[in-house]
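Student: The structure follows.
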Amino acid sequence: MGIRGLMSFVEDHSNEFFTDLKLQDTKIIIDGYALFHRLCFNSHLELRYGGDYDSFADVVQKFFESLFSCNICPYVVLDGGCDISDKKLTTLKERAREKIQTAHSLSVGGSGCVCPLLIREVFIQVLIKLRVHFVQCFSEADRDIMTLANHWNCPVLSSDSDFCIFDLKTGFCPLNSFQWRNVNTVKGTQGHYIPAKCFSLDALCHYFSRMNKALLPLFAVLCGNDHINLPIMDTFLSQVRLPLGAASAKGRRHHRILGLLSWLSRFAGPTEALDNVLKYLPKKDRENVRELLCCSMEEYQPSQVKLQDFFQCGTYVCPEALSLGLPEWVLVALAKGQLSPFISDALVLRRTFLHTQVENMQQPNAHRISLPIRQVIYGLLSNVSAPLGSVSLNASPPRPLAFSEVERINKNIKISIVDAVDLPKDHSDLSKLTELSSARRQTLLLETLKVKQAILDPIPTSLKLPIAVSCYWLQHLEVKAKLHHLQALLLGMLLGPLHAIINSPDKEDLRKDGAKMLYEEFQRVKEQTQPSPRLDLDTAHIFCQWQSCLLMGMYLNQLLSTPLPEPDLTRLYSGSLVHGLCRHLLTSTSVESLLSMCPEAKQLYEHLFNATRAYAPAELFLPKGKSNSKKKRQKKQGASRSKNRVGTLSDNRWWYESSNRFGLLMVENMEEHTEASKFE
């Protein structure tokens, strides 16, 4: 996120570099990536259980409602995929390593902030629900944001210190001083405003001897940003005599920033300054370094992309994307956020990053379970008209149908080579994929998830994809799930339907009362989970695997132009609730008792459970202490073993029939028991 240390440096000089704003009656360009991270990390949300997406969605909604109340019209600009030059690859790998360490800290009871896996998708769904204007850029969004803000003469809202370098006409408002929770009333009127601070580039330059603004991009690349971090620049910084400043006690970064700005302020412009920088380097390196620095400085120049055309006419034209010869429908879907940057990275770079969750670091990473889904995605992306595999300087695949995945191994990262699935000819031309009938696209989706259409027929439309994914998940689990895991997951899926019943004007009061009682009970379970003792790592890992399956299932569904409706993620999975339900189901609560207060929820749960149980391993339904593990059988003597085996079947029949019918599979005889074992 920009130049490390620069944001804290300018905030330490708040009186010199910032002005107070009462923001109202204006457009504002919002850095979407910065916003959803800020709202996720600074809203006291629980991050260990894989995401309380309902709570996050509520925070996002309240944020935009604050803007609307002040007549502020937001335009959200989201980053797309990685730059085709791959110049940020080193930075991205380092951040992936840092994220693994933070996730590990959270998993063992420590502190840290890691975005839950589906947070970006939830954020986009809330934007759509609130009808907030948004666009997803083809690659990094900073230059496009700056260009649009200057075109509309309005401020930028972000936390990226690169916006301290861009020459913005109306300024840059940092998120950490944007008081959207503290909406004020304009005295003597009915109008409202949000208190904010606005960074002034002119004030910064004035502070440093009225330095030329054009020097700031050179300052950024000399200091080291996300695009460039040349070790040889340490040679320059160690030899040049940077002025000692009053802020030197703030740390090495602040001292370097202060000294470098003071040193650059001596020069009339970037050409003279760059010549002086190169004097400190060995002659053999000077031209290469000049070329690299000049190329990196271009990142602070206006973009050729005109986002105003997208917001006003729906037209998104990116010269960089057009040069790749991508299908038109893909470019449109990417701009509208209907396809993820994961897809463009796979398509352009033949490489993807698999983001680490708060999972069991001693287990294989949770994304392994969804590899077969990704292989189908890669197969669909393998055949395009342009030779995209040769675009990247650093990501040429070793085989025509091979893709690289940056994934977690233990507490580090590794790059794995994955082969794409070789698909039938009628699926092999990406440009014609949308021409396939909906039935054929749905067949490919369900075949990938290994689910039969008939299983999904009783399922409400909004839950068909999550249930199909859950069936896939049950068939591929590496860490064995228990019955209460499946029960808790399916119970959690009732949040959305319950919310709909409560807020429906057509439902009878009696039905609403039952739904409200169950919804409130779920909220109590969720609240009791926070704070909690140390994380149950196996449970966390199992649900991380489910989220990976859901995410990749959604990506495949989107690539196939949604043959199944996209689920509402905002109330599909709440980590605190699902983990809390797991604990309750193990100790004091049954599914039947929970659902007794709401017949509609009870009936829906039956449909969800009946759909998934056909794909679950038989051992999922065995009672505690009656597992047919080899270790237990080996401890028994021959005659005793035979006797106990008969007794176990009898006990199981009684247990299945007498226990609640929602979470258990009835076994009528030995043949059915044997047949069920085939799912193992």
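Letters for chains follow the order of the structure tokens (A, B, ...), residue numbers begin at 1 for each chain, and ligand numbers begin at 1 in the order shown.
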Please identify all polymer residues within 9 Å of stretch 361-365 of chain A, counting only C-alpha atoms, omitting same-chain residues fewer than 2 positions from it, and present them as JSON, numbers by chain.

Tutor: {"A": [100, 103, 104, 107, 356, 357, 358, 359, 367, 368, 369, 407, 408, 409, 410, 411, 478, 479, 537, 541, 545]}

Student: Using only C-alpha atoms, which residues sit within 10 Å of A:Cys294 once same-chain residues fewer than 4 positions away are excluded, as a list in words?

Tutor: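 The neighbour list is Pro217, Leu218, Val221, Pro270, Thr271, Leu274, Val289, Arg290, Glu298 and Glu299 of chain A.
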
Student: Stretch 421-438 of chain A: which residues within 7 Å, counting only C-alpha atoms, same-chain residues fewer than 2 positions away excluded, as a compact mmCIF listing (two decimals) with C-alpha atoms, in the first residue's frame?

Tutor:
# COMPACT_ATOMS: atom_id res chain seq x y z
CA PRO A 327 -13.00 -11.66 -25.42
CA GLN A 375 -8.52 -27.09 -12.68
CA VAL A 376 -11.83 -26.80 -14.55
CA GLY A 379 -9.32 -25.46 -18.50
CA LEU A 380 -11.95 -22.93 -19.54
CA LEU A 381 -9.32 -20.14 -19.57
CA ASN A 383 -7.93 -21.45 -25.00
CA VAL A 384 -8.06 -17.81 -26.08
CA ASP A 419 -2.51 -28.83 -14.87
CA ARG A 440 -24.99 -27.21 -20.82
CA ARG A 441 -23.24 -24.64 -18.65
CA GLN A 442 -25.14 -25.87 -15.61
CA SER A 561 -22.42 -16.81 -16.65
CA PRO A 563 -26.24 -21.05 -14.54

Student: Identify, on the basis of only C-alpha atoms, every residue whose closest approach to A:Gly32 does not exceed 10 Å; exclude the query and any residue fewer than 6 positions from it along the same chain; express the result as a PDB file with C-alpha atoms, in the first residue's frame.

Tutor:
ATOM      1  CA  ARG A  38     -10.563  -0.446   6.862  1.00  0.00           C
ATOM      2  CA  TYR A  75     -17.979   6.192  -6.693  1.00  0.00           C
ATOM      3  CA  VAL A  76     -16.090   3.075  -5.631  1.00  0.00           C
ATOM      4  CA  VAL A  77     -13.089   1.978  -7.690  1.00  0.00           C
ATOM      5  CA  LEU A  78     -11.748  -1.531  -7.072  1.00  0.00           C
ATOM      6  CA  ASP A  79      -8.371  -2.981  -7.993  1.00  0.00           C
ATOM      7  CA  ARG A 120     -14.419  -8.753  -1.168  1.00  0.00           C
ATOM      8  CA  PHE A 123     -18.482  -5.953  -0.148  1.00  0.00           C
ATOM      9  CA  ILE A 124     -19.465  -5.999  -3.833  1.00  0.00           C
ATOM     10  CA  PHE A 134     -18.596   0.947  -8.677  1.00  0.00           C
ATOM     11  CA  VAL A 135     -16.103  -0.305 -11.236  1.00  0.00           C
ATOM     12  CA  GLN A 136     -13.419  -2.964 -11.139  1.00  0.00           C
ATOM     13  CA  ALA A 141      -6.690   1.254  -9.620  1.00  0.00           C
ATOM     14  CA  LEU A 157     -10.933   8.622   0.039  1.00  0.00           C
ATOM     15  CA  SER A 158      -8.230   6.032   0.714  1.00  0.00           C
TER      16      SER A 158
END

Student: May I have the residues within 8 Å of A:Gln487 as number ranges by chain, using only C-alpha atoms and disregarding those fewer than 3 positions away in the same chain?

Tutor: A: 483-484, 490-491, 582, 591, 609, 663
